[in-house]
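Reproduced below: data_24.cif, with mmCIF, C-alpha atoms.
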```
data_model
loop_
_atom_site.label_atom_id
_atom_site.label_comp_id
_atom_site.auth_asym_id
_atom_site.auth_seq_id
_atom_site.Cartn_x
_atom_site.Cartn_y
_atom_site.Cartn_z
CA MET A 1464 91.69 86.91 135.94
CA ASN A 1465 93.72 84.57 133.64
CA MET A 1466 95.31 85.76 130.41
CA MET A 1467 92.58 84.39 128.15
CA ASN A 1468 89.90 86.19 130.13
CA GLN A 1469 91.95 89.41 130.09
CA ILE A 1470 92.26 89.26 126.31
CA HIS A 1471 88.56 88.41 125.92
CA ASN A 1472 87.61 91.35 128.12
CA PHE A 1473 89.85 93.69 126.13
CA LEU A 1474 88.42 92.55 122.78
CA GLU A 1475 84.82 92.60 123.98
CA ASN A 1476 85.04 96.21 125.12
CA TYR A 1477 87.34 97.57 122.42
CA GLN A 1478 86.56 100.91 120.80
CA LEU A 1479 88.72 101.98 117.87
CA ASP A 1480 88.43 105.73 118.32
CA SER A 1481 89.19 105.76 122.04
CA PRO A 1482 92.55 106.97 123.32
CA GLN A 1483 95.20 104.23 123.48
CA PRO A 1484 94.03 102.14 126.43
CA ASP A 1485 95.91 100.73 129.32
CA LEU A 1486 96.31 97.19 128.03
CA PHE A 1487 93.60 95.45 130.04
CA GLY A 1488 92.42 98.13 132.47
CA SER A 1489 90.15 100.33 130.38
CA THR A 1490 86.54 99.85 129.33
CA PHE A 1491 84.85 101.35 126.30
CA SER A 1492 81.34 102.24 125.21
CA HIS A 1493 81.17 100.39 121.89
CA PRO A 1494 80.81 96.62 122.37
CA THR A 1495 82.29 94.02 120.06
CA LYS A 1496 80.06 91.45 118.36
CA ILE A 1497 80.66 88.05 119.96
CA PHE A 1498 79.73 84.65 118.59
CA PHE A 1499 81.15 81.11 118.58
CA SER A 1500 82.87 79.13 115.85
CA PRO A 1501 80.06 77.07 114.31
CA ASN A 1502 82.27 74.32 112.91
CA SER A 1503 84.34 73.52 115.96
CA ASP A 1504 83.57 70.96 118.65
CA LYS A 1505 85.12 73.38 121.14
CA LYS A 1506 83.49 76.62 122.25
CA ILE A 1507 85.81 79.12 120.52
CA SER A 1508 84.89 82.78 121.02
CA ASN A 1509 84.81 84.99 117.94
CA PHE A 1510 85.18 88.76 118.35
CA GLN A 1511 84.18 91.05 115.48
CA ASN A 1512 84.85 94.78 115.40
CA GLU A 1513 86.83 97.38 113.51
CA PHE A 1514 89.99 96.89 115.52
CA TRP A 1515 92.49 98.71 113.29
CA THR A 1516 91.32 99.43 109.73
CA ALA A 1517 90.34 103.07 110.28
CA LYS A 1518 93.87 103.81 111.44
CA GLN A 1519 95.46 102.63 108.20
CA ARG A 1520 96.56 106.14 107.20
CA LYS A 1521 98.44 106.57 110.48
CA SER A 1522 101.01 103.82 109.98
CA CYS A 1523 104.65 104.71 109.45
CA SER A 1524 105.57 105.81 105.92
CA LEU A 1525 108.33 103.18 105.88
CA HIS A 1526 105.66 100.50 105.31
CA GLU A 1527 104.68 101.90 101.90
CA ILE A 1528 106.23 99.07 99.89
CA SER A 1529 103.74 97.38 97.60
CA TYR A 1530 103.43 93.60 97.57
CA ARG A 1531 100.70 91.21 96.51
CA ALA A 1532 98.29 90.04 99.23
CA CYS A 1533 100.06 91.87 102.06
CA PHE A 1534 98.30 92.94 105.23
CA LYS A 1535 98.37 96.46 106.64
CA ALA A 1536 100.87 97.34 109.35
CA GLU A 1537 98.06 97.97 111.83
CA LEU A 1538 97.38 94.23 111.99
CA PRO A 1539 100.76 93.15 113.43
CA SER A 1540 100.91 96.37 115.45
CA PHE A 1541 97.68 95.43 117.22
CA PHE A 1542 99.04 92.05 118.36
CA ILE A 1543 102.56 93.32 119.09
CA ASN A 1544 101.12 95.94 121.44
CA LEU A 1545 98.62 93.56 122.98
CA LEU A 1546 100.82 90.52 123.54
CA THR A 1547 104.49 91.54 123.78
CA LYS A 1548 106.81 93.95 125.54
CA GLU A 1549 110.08 95.63 124.51
CA ASN A 1550 112.89 93.24 123.49
CA ASP A 1551 110.50 90.31 123.04
CA VAL A 1552 111.05 88.23 119.89
CA VAL A 1553 108.49 88.61 117.09
CA TYR A 1554 108.63 86.19 114.16
CA ASP A 1555 106.95 86.08 110.75
CA PRO A 1556 107.42 82.73 108.95
CA PHE A 1557 105.77 84.01 105.73
CA SER A 1558 107.31 87.45 105.75
CA GLY A 1559 106.33 88.79 102.32
CA ARG A 1560 107.31 92.45 102.15
CA GLY A 1561 108.37 92.36 105.83
CA THR A 1562 105.47 94.24 107.42
CA THR A 1563 105.57 92.33 110.71
CA ALA A 1564 109.36 92.61 110.99
CA ILE A 1565 109.45 96.33 110.31
CA GLU A 1566 106.56 97.10 112.66
CA ALA A 1567 108.12 94.99 115.43
CA ALA A 1568 111.47 96.72 114.96
CA LEU A 1569 109.82 100.15 115.14
CA GLN A 1570 108.34 99.08 118.48
CA LYS A 1571 111.68 97.93 119.98
CA ARG A 1572 111.16 94.21 119.52
CA GLN A 1573 113.70 91.70 118.26
CA ILE A 1574 112.77 90.19 114.92
CA ILE A 1575 112.99 86.98 112.94
CA SER A 1576 111.85 87.13 109.32
CA ASN A 1577 111.52 84.09 107.07
CA ASP A 1578 110.28 83.54 103.54
CA VAL A 1579 111.23 81.08 100.80
CA ASN A 1580 111.18 84.04 98.41
CA PRO A 1581 114.52 85.94 98.63
CA LEU A 1582 112.70 89.14 97.64
CA SER A 1583 111.34 89.26 101.18
CA GLN A 1584 114.76 89.90 102.68
CA ILE A 1585 115.51 92.46 99.97
CA PHE A 1586 112.40 94.41 101.00
CA ALA A 1587 112.79 94.05 104.76
CA GLU A 1588 116.49 94.17 105.60
CA ALA A 1589 117.16 97.44 103.78
CA ARG A 1590 114.51 99.20 105.85
CA LEU A 1591 116.39 98.43 109.04
CA GLU A 1592 119.38 100.37 107.69
CA ILE A 1593 117.95 103.84 107.25
CA PRO A 1594 120.30 105.84 105.01
CA ASN A 1595 120.90 109.55 104.79
CA ILE A 1596 119.00 110.74 101.72
CA GLN A 1597 122.04 112.72 100.56
CA ASP A 1598 124.07 109.50 100.59
CA VAL A 1599 121.45 107.83 98.44
CA VAL A 1600 121.50 110.67 95.91
CA ARG A 1601 125.31 110.71 95.78
CA ARG A 1602 125.44 106.96 95.28
CA LEU A 1603 122.90 107.15 92.47
CA GLU A 1604 124.82 109.97 90.80
CA GLY A 1605 127.94 107.81 90.84
CA ILE A 1606 126.33 104.94 88.90
CA LYS A 1607 127.33 105.27 85.25
CA ILE A 1608 124.67 104.65 82.63
CA SER A 1609 125.84 102.40 79.82
CA LYS A 1610 124.16 101.09 76.65
CA LYS A 1611 126.29 97.95 76.50
CA PHE A 1612 124.14 95.78 78.78
CA SER A 1613 121.46 93.45 77.46
CA ALA A 1614 118.29 92.41 79.25
CA GLY A 1615 118.40 88.98 77.64
CA ILE A 1616 114.65 89.23 77.02
CA ASP A 1617 112.35 91.69 75.26
CA LEU A 1618 111.11 94.23 77.80
CA SER A 1619 110.10 96.95 75.34
CA MET A 1620 106.43 96.55 76.25
CA PHE A 1621 107.31 97.67 79.81
CA PHE A 1622 110.19 100.14 79.47
CA GLU A 1623 111.23 102.91 77.09
CA LYS A 1624 114.67 102.29 75.53
CA GLU A 1625 116.65 104.86 77.55
CA THR A 1626 114.84 103.88 80.72
CA LEU A 1627 115.84 100.28 80.12
CA HIS A 1628 119.50 101.30 79.71
CA GLU A 1629 119.29 102.95 83.14
CA ILE A 1630 117.64 99.89 84.70
CA LEU A 1631 120.23 97.54 83.21
CA SER A 1632 123.10 99.77 84.38
CA LEU A 1633 121.66 99.82 87.88
CA LYS A 1634 121.10 96.05 87.78
CA ASN A 1635 124.70 95.46 86.71
CA TYR A 1636 126.07 97.83 89.39
CA LEU A 1637 124.14 96.11 92.15
CA GLN A 1638 125.12 92.65 90.93
CA LYS A 1639 128.82 93.59 90.94
CA LYS A 1640 128.53 94.98 94.45
CA ARG A 1641 126.86 91.80 95.65
CA ASP A 1642 129.32 89.50 93.88
CA SER A 1643 132.27 91.37 95.39
CA LYS A 1644 130.58 91.33 98.83
CA SER A 1645 130.94 95.11 98.97
CA GLU A 1646 127.20 95.89 98.98
CA ASP A 1647 126.45 98.21 101.90
CA GLY A 1648 123.29 99.62 103.48
CA VAL A 1649 122.94 102.37 100.88
CA ASP A 1650 123.22 99.83 98.06
CA ARG A 1651 120.65 97.58 99.72
CA TRP A 1652 118.32 100.54 100.10
CA ILE A 1653 118.67 101.46 96.41
CA ARG A 1654 118.06 97.83 95.42
CA MET A 1655 114.93 97.71 97.58
CA VAL A 1656 113.45 100.92 96.20
CA ALA A 1657 114.33 100.13 92.59
CA THR A 1658 112.78 96.67 92.93
CA ASN A 1659 109.61 98.31 94.24
CA ARG A 1660 109.51 100.89 91.43
CA LEU A 1661 109.90 98.52 88.46
CA THR A 1662 106.26 98.33 87.42
CA GLY A 1663 103.17 100.26 88.40
CA HIS A 1664 100.31 102.42 87.30
CA SER A 1665 101.67 105.96 87.56
CA SER A 1666 104.65 108.07 86.52
CA GLY A 1667 106.26 107.21 89.86
CA PHE A 1668 107.27 103.83 88.41
CA PHE A 1669 109.77 102.89 85.72
CA SER A 1670 107.24 101.14 83.47
CA VAL A 1671 104.38 101.99 81.18
CA TYR A 1672 100.97 101.90 82.90
CA THR A 1673 100.47 98.31 84.03
CA LEU A 1674 98.70 96.50 86.84
CA PRO A 1675 98.99 97.69 90.45
CA PRO A 1676 102.62 97.80 91.57
CA ASN A 1677 102.57 94.55 93.45
CA GLN A 1678 102.66 92.29 90.42
CA ALA A 1679 103.92 92.14 86.84
CA ILE A 1680 101.87 90.45 84.17
CA SER A 1681 103.48 88.53 81.31
CA ALA A 1682 105.24 90.40 78.51
CA LYS A 1683 102.63 89.15 76.04
CA LYS A 1684 99.74 90.34 78.19
CA GLN A 1685 101.35 93.73 78.78
CA ALA A 1686 101.81 94.18 75.02
CA GLU A 1687 98.11 93.40 74.53
CA ILE A 1688 97.12 95.94 77.18
CA ASN A 1689 99.34 98.58 75.58
CA ALA A 1690 97.75 97.99 72.16
CA LYS A 1691 94.21 97.96 73.54
CA ASN A 1692 94.69 101.23 75.41
CA ASN A 1693 96.97 102.89 72.83
CA ARG A 1694 99.81 103.23 75.35
CA ARG A 1695 103.54 103.07 74.87
CA ALA A 1696 106.40 103.22 77.32
CA GLU A 1697 107.74 106.72 77.96
CA TYR A 1698 111.10 107.77 79.37
CA ARG A 1699 111.34 107.68 83.16
CA ASP A 1700 114.25 109.16 85.11
CA THR A 1701 114.99 106.14 87.28
CA LYS A 1702 117.47 107.88 89.60
CA SER A 1703 115.03 110.69 90.27
CA ILE A 1704 112.22 108.22 90.94
CA ILE A 1705 114.38 106.27 93.42
CA ALA A 1706 115.36 109.47 95.24
CA LYS A 1707 111.76 110.69 95.39
CA LYS A 1708 110.44 107.36 96.68
CA SER A 1709 113.24 107.27 99.26
CA GLN A 1710 112.18 110.66 100.57
CA SER A 1711 108.57 109.48 100.72
CA LEU A 1712 109.45 106.33 102.67
CA LEU A 1713 111.46 108.32 105.19
CA ARG A 1714 109.12 111.29 105.53
CA SER A 1715 107.45 110.32 108.82
CA LEU A 1716 110.36 108.56 110.53
CA SER A 1717 111.40 110.08 113.83
CA HIS A 1718 114.92 109.96 115.24
CA GLU A 1719 113.70 107.47 117.86
CA GLN A 1720 112.21 105.18 115.22
CA LYS A 1721 115.44 105.22 113.23
CA GLU A 1722 117.33 104.24 116.37
CA ASN A 1723 114.84 101.46 117.07
CA LEU A 1724 115.38 100.07 113.57
CA HIS A 1725 119.15 100.33 113.97
CA GLN A 1726 119.05 98.40 117.25
CA ALA A 1727 116.76 95.73 115.79
CA LYS A 1728 119.19 95.20 112.90
CA LYS A 1729 121.89 94.09 115.36
CA THR A 1730 119.99 90.97 116.37
CA ALA A 1731 117.70 90.49 113.34
CA ILE A 1732 117.56 87.02 111.80
CA PHE A 1733 116.60 86.66 108.13
CA LEU A 1734 115.91 83.17 106.82
CA ASN A 1735 115.07 81.79 103.40
CA GLU A 1736 113.56 78.46 104.43
CA SER A 1737 110.30 76.57 104.40
CA ALA A 1738 108.19 77.71 107.35
CA ALA A 1739 107.94 74.02 108.27
CA SER A 1740 111.70 73.63 108.69
CA THR A 1741 113.55 76.45 110.44
CA ALA A 1742 116.33 74.70 112.36
CA LYS A 1743 118.21 77.97 112.82
CA ILE A 1744 115.49 79.24 115.18
CA LEU A 1745 116.07 78.03 118.72
CA ALA A 1746 113.33 76.06 120.44
CA ASN A 1747 111.17 78.05 122.88
CA SER A 1748 112.66 81.36 121.73
CA VAL A 1749 109.76 83.26 120.12
CA ASN A 1750 107.25 85.36 122.06
CA LEU A 1751 104.86 86.05 119.19
CA ILE A 1752 104.28 84.87 115.64
CA VAL A 1753 102.21 87.20 113.46
CA THR A 1754 101.77 85.95 109.93
CA SER A 1755 99.54 85.18 106.99
CA PRO A 1756 100.22 82.00 104.97
CA PRO A 1757 99.94 81.47 101.23
CA PHE A 1758 96.19 81.21 100.77
CA LEU A 1759 94.51 78.34 99.03
CA ASP A 1760 94.82 78.56 95.24
CA VAL A 1761 94.87 82.37 95.16
CA VAL A 1762 98.27 83.95 94.53
CA ASP A 1763 101.14 82.84 92.30
CA TYR A 1764 103.91 84.75 94.07
CA ALA A 1765 106.71 83.67 91.74
CA SER A 1766 104.90 84.64 88.53
CA ASP A 1767 103.67 87.92 90.01
CA ASN A 1768 107.26 88.82 90.85
CA TRP A 1769 108.99 87.59 87.71
CA LEU A 1770 110.34 91.04 86.77
CA ARG A 1771 111.55 91.65 90.31
CA CYS A 1772 113.26 88.26 90.22
CA TRP A 1773 114.90 89.14 86.90
CA PHE A 1774 116.21 92.44 88.26
CA ASN A 1775 117.71 90.76 91.31
CA GLY A 1776 119.19 87.73 89.58
CA ILE A 1777 116.72 85.29 91.15
CA ASP A 1778 115.73 82.21 89.15
CA GLN A 1779 111.95 82.50 88.93
CA PHE A 1780 111.47 78.86 87.95
CA GLU A 1781 113.59 77.52 90.79
CA LEU A 1782 111.66 79.80 93.13
CA GLN A 1783 108.38 78.45 91.78
CA LYS A 1784 109.41 74.95 92.90
CA LYS A 1785 110.02 76.16 96.46
CA ILE A 1786 106.91 78.27 97.03
CA SER A 1787 104.01 76.29 98.44
CA SER A 1788 100.95 76.50 96.23
CA HIS A 1789 97.94 74.31 96.95
CA SER A 1790 94.75 74.02 94.94
CA LYS A 1791 93.10 71.49 97.24
CA ILE A 1792 92.22 72.09 100.87
CA GLU A 1793 93.63 68.68 101.87
CA GLN A 1794 97.06 69.66 100.52
CA TRP A 1795 96.89 73.05 102.22
CA ASN A 1796 95.91 71.47 105.53
CA LYS A 1797 98.88 69.09 105.38
CA PHE A 1798 101.28 71.96 104.72
CA ILE A 1799 99.82 74.14 107.48
CA PHE A 1800 100.01 71.24 109.94
CA SER A 1801 103.74 70.87 109.26
CA CYS A 1802 104.19 74.61 109.79
CA PHE A 1803 102.25 74.61 113.06
CA SER A 1804 104.34 71.71 114.34
CA GLU A 1805 107.39 73.90 113.80
CA PHE A 1806 105.66 76.93 115.34
CA TYR A 1807 105.01 74.88 118.47
CA ARG A 1808 108.71 74.05 118.69
CA VAL A 1809 109.95 77.66 118.42
CA VAL A 1810 107.29 79.50 120.46
CA LYS A 1811 107.97 79.98 124.15
CA PRO A 1812 105.57 78.56 126.73
CA GLY A 1813 103.03 81.34 127.18
CA GLY A 1814 103.82 82.71 123.71
CA TYR A 1815 101.31 83.34 120.93
CA VAL A 1816 100.54 82.74 117.27
CA ALA A 1817 98.30 85.27 115.48
CA PHE A 1818 97.47 83.49 112.22
CA GLU A 1819 95.65 85.62 109.65
CA VAL A 1820 93.50 83.69 107.20
CA GLY A 1821 90.75 84.57 104.78
CA GLU A 1822 87.67 83.41 103.00
CA VAL A 1823 88.46 81.70 99.70
CA LYS A 1824 86.41 80.13 96.92
CA ASN A 1825 83.97 83.08 97.15
CA GLY A 1826 83.46 82.51 100.85
CA LYS A 1827 82.66 78.80 100.51
CA ILE A 1828 85.78 77.91 102.50
CA LYS A 1829 86.67 79.68 105.74
CA LEU A 1830 90.26 78.79 106.44
CA GLU A 1831 89.94 79.38 110.19
CA ASP A 1832 87.73 76.29 110.30
CA HIS A 1833 90.74 74.31 109.10
CA VAL A 1834 93.42 76.15 111.07
CA LEU A 1835 91.59 75.74 114.39
CA PRO A 1836 91.85 71.93 114.65
CA ILE A 1837 95.40 71.99 113.29
CA GLY A 1838 96.60 74.38 115.98
CA LEU A 1839 94.79 72.44 118.68
CA ASN A 1840 96.15 69.10 117.45
CA VAL A 1841 99.79 70.20 117.69
CA GLY A 1842 99.26 71.40 121.26
CA PHE A 1843 98.27 75.07 121.16
CA ASN A 1844 95.28 76.48 123.00
CA CYS A 1845 92.93 78.68 120.96
CA ILE A 1846 92.36 82.02 122.66
CA ALA A 1847 89.91 83.41 120.11
CA VAL A 1848 89.09 84.10 116.50
CA ILE A 1849 89.37 87.84 115.86
CA VAL A 1850 87.51 89.28 112.89
CA ASN A 1851 88.50 92.78 111.86
CA SER A 1852 85.66 94.29 109.82
CA GLN A 1853 87.12 96.34 107.00
CA THR A 1854 85.58 99.52 105.69
CA PHE A 1855 86.61 99.79 102.04
CA THR A 1856 88.46 102.91 100.95
CA LYS A 1857 89.13 104.35 97.52
CA THR A 1858 92.43 102.44 97.41
CA SER A 1859 90.40 99.25 97.05
CA ASN A 1860 89.33 100.38 93.59
CA ILE A 1861 92.70 99.38 92.15
CA TRP A 1862 91.40 95.83 92.44
CA GLY A 1863 88.05 96.74 90.88
CA VAL A 1864 86.40 96.59 94.30
CA ILE A 1865 83.63 99.14 94.69
CA ASN A 1866 81.71 97.65 97.60
CA ASN A 1867 81.71 94.82 100.10
CA LYS A 1868 80.40 92.31 97.60
CA LYS A 1869 83.83 91.69 96.10
CA GLY A 1870 87.30 91.21 97.50
CA THR A 1871 88.32 90.52 101.06
CA ASN A 1872 86.25 92.66 103.38
CA SER A 1873 87.71 91.43 106.64
CA ASN A 1874 90.81 90.05 108.32
CA ARG A 1875 90.24 86.81 110.20
CA ILE A 1876 92.91 85.96 112.78
CA VAL A 1877 93.04 82.77 114.80
CA LEU A 1878 94.90 83.50 118.02
CA PHE A 1879 96.67 80.60 119.73
CA GLN A 1880 98.74 80.34 122.90
CA LYS A 1881 101.29 77.72 123.90
CA SER A 1882 100.79 76.42 127.44
#
```
In structure tokens, write the structure found in this file.
Amino acid sequence: MNMMNQIHNFLENYQLDSPQPDLFGSTFSHPTKIFFSPNSDKKISNFQNEFWTAKQRKSCSLHEISYRACFKAELPSFFINLLTKENDVVYDPFSGRGTTAIEAALQKRQIISNDVNPLSQIFAEARLEIPNIQDVVRRLEGIKISKKFSAGIDLSMFFEKETLHEILSLKNYLQKKRDSKSEDGVDRWIRMVATNRLTGHSSGFFSVYTLPPNQAISAKKQAEINAKNNRRAEYRDTKSIIAKKSQSLLRSLSHEQKENLHQAKKTAIFLNESAASTAKILANSVNLIVTSPPFLDVVDYASDNWLRCWFNGIDQFELQKKISSHSKIEQWNKFIFSCFSEFYRVVKPGGYVAFEVGEVKNGKIKLEDHVLPIGLNVGFNCIAVIVNSQTFTKTSNIWGVINNKKGTNSNRIVLFQKS
């Protein structure tokens, strides 16, 4: 049985609640729905089931870093387990918060992480250097709080005055450490957690109640929300919040997982390039790409992260020029084609690309219909389209989603292989 048939057989007979199967040897009692891509001139099998969503609560606590439009750790985990072995190279060209990289490292794979947004490396690299929580607390205690620093902009609609002094003192400390090239793993961890805790919708964040913690609205809009809901920023103990979030992130990590992360850090490659131009990655060196690209006309990553950029000294407007944003499908197709040409260069013969796309324009455009011919045209073979049916949970309500009529109710992954 060839590899494509083995994968098809596995997907067809997959059952989520069964014990972890031998990769291709087990059969299950709950069949997958199978159909063919209607808009392709090739007979591409589509497999639809709940492949990983119900396990979302079982992922490692280290993944609990909020970021706009990120996928759950179970998605890359599924493909890492299915298609790679220990020490294989797993690459994410649109790394976001670093979910693929962290999951691959936890599973003893080598990692390459790339994103034009420097925040991606801030979120991912620090989680390969697991600190002792006592070291984090001691480092925080040693940071002096001063009232002499200025934000340069009005942030009073987000932060209480004393809270802002603490944020500015922390920002200045981290900037000095970076400028002097003395920033260590503990500093990077504190930077990562603080960046994650800047804005959110509970007392576990530094800000007044705002939108979900993966984005920051404009100062003007936040002021309007505060006035409408009669809210004002209250004091938040930033050091305590960082320590508490650190403990939460580390709560489920085993000694073995920490060692796996430590080993992955030794060979990890972090890039800040266009996914279409990654000359630092050797040709034929990657076993598996698992990624999700910027979707068509959906997310403005630079604007969503403007406060995070400010805290880390990143020029939001320069970043905006670099991040690919396409309102027309023709533009998006051209960009994705250039990326796939580069993917074909870096993936090993026999290696894979698991490319997660979605329905946009209220389902009028299915991006897999556009990705399929692009992948085929650059030389990949299409193994399958895998549709993970999502059962909504209460966490979806933060987006105002109360049923399957709104929001993304599935993951759609086009799986390619290089001959």
Q) Excluding same-chain residues fewer than 5 positions from region 1765-1782 of chain A, what lies within 7 Å of it counting all atoms listed in the file, as a list in words? A)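 Neighbouring residues, sequence-local ones excluded: Asn1580, Lys1634, Thr1658, Gln1678, Ala1679 and Ile1680 of chain A.
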Q. For this file, the PyMOL selection byres ((chain A and resi 1820) around 12) selects which residues, as an MDAnalysis selection string?
A. chainID A and resid 1532:1534 1753:1759 1799 1817:1819 1821:1823 1826 1828:1835 1848:1851 1871 1873:1878
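The list of residues with at least one atom within 10 Å of Gln1710 (chain A), based on all atoms listed in the file and without residues fewer than 3 positions apart in the same chain, reads A:Ser1524, A:Leu1525, A:Asn1595, A:Ile1596, A:Val1599, A:Ile1704, A:Ile1705, A:Ala1706, A:Lys1707, A:Leu1713, A:Arg1714, A:Ser1715.
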Q) Hey, which of A:Phe1798, A:Ser1522, A:Met1467, A:Glu1687 ends up closest to Ile1507 (chain A)? Count only C-alpha atoms. A) A:Met1467
**Q.** Nearest to Lys1811 (chain A) by atom-to-atom distance, counting all atoms listed in the file, from A:Gln1720, A:Ile1653, A:Val1552, A:Gly1561
**A.** A:Val1552
Q: One decimal, Å: what's the distance from CA of Gln1880 (chain A) over to CA of Pro1812 (chain A), could you say?
A: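 Atom-to-atom, CA of Gln1880 (chain A) to CA of Pro1812 (chain A), that is 8.0 Å.
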Q.
I'd like the residues picked by the PyMOL selection byres ((chain A and resi 1663-1677) around 9) written out as a VMD selection string, using the chain letters and numbers from the file.
A. chain A and resid 1528 to 1532 1620 to 1623 1626 to 1627 1630 1657 1659 to 1662 1678 to 1680 1685 1688 to 1689 1694 to 1701 1704 to 1705 1707 to 1708 1767 to 1768 1861 to 1862
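Across the structure, CA of Asn1750 (chain A) and CA of Glu1549 (chain A) are spaced 10.9 Å apart.
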Q: One decimal, Å: what's the distance from CA of Tyr1554 (chain A) over to CA of Ser1852 (chain A), could you say?
A: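 If I compute the distance from CA of Tyr1554 (chain A) to CA of Ser1852 (chain A), I get 24.7 Å.
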Q | 12 Å contact set for Glu1646 (chain A), all atoms listed in the file, chain neighbours under 6 positions out, as JSON, numbers by chain | A | {"A": [1589, 1602, 1636, 1637, 1638, 1639, 1640, 1652, 1653, 1654]}
Q: Pull out every residue that the PyMOL selection byres ((chain A and resi 1815) around 7) matches in the shown coordinates and put them as an MDAnalysis selection string.
A: chainID A and resid 1750:1752 1813:1814 1816:1817 1879:1881
Q. Skipping near chain neighbours, those fewer than 5 positions away, what residues fall within 8 Å of Asn1577 (chain A) using only C-alpha atoms, listed as a list of chain:residue names?
A.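 Close residues of Asn1577 (chain A): A:Tyr1554, A:Asp1555, A:Pro1556, A:Phe1557, A:Ser1558, A:Ser1583, A:Gln1584, A:Phe1733, A:Leu1734, A:Asn1735, A:Glu1736, A:Ala1738.
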Kindly list the centre and edge lengths in Å, rounded to one decimal, for the axis-aligned box that covers all listed atoms of region 1672-1690 of chain A plus 6 Å on each of its six sides, as JSON.
```
{"center_x": 101.2, "center_y": 95.2, "center_z": 82.8, "size_x": 20.1, "size_y": 25.4, "size_z": 33.3}
```
Q: Please identify all polymer residues within 8 Å of Ser1609 (chain A), counting only C-alpha atoms, omitting same-chain residues fewer than 3 positions from it, and present them as a list in words.
A: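 Using only C-alpha atoms, the neighbours found are Phe1612, His1628, Glu1629 and Ser1632 of chain A.
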Q. Which of these residues is nearest to Ile1608 (chain A), using all atoms listed in the file: A:Ser1540, A:Asn1635, A:Ser1748, A:Ser1882?
A. A:Asn1635
Q: Name the closest residue to Leu1591 (chain A) among the candidates A:Gln1573, A:Ser1788, A:Ser1737, A:Asn1840; distances are taken between atoms, counting all atoms listed in the file.
A: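 That would be A:Gln1573, the residue with the smallest distance to Leu1591 (chain A).
Proximity of A:Val1649, A:Met1466, A:Ala1686, A:Ile1497 to Arg1601 (chain A), computed with all atoms listed in the file, is greatest for A:Val1649.
Remark: for Glu1527 (chain A), the closest of the candidate residues A:Ser1645, A:Ser1709, A:Gln1794, A:Asn1844 is A:Ser1709 (distances computed over all atoms listed in the file).
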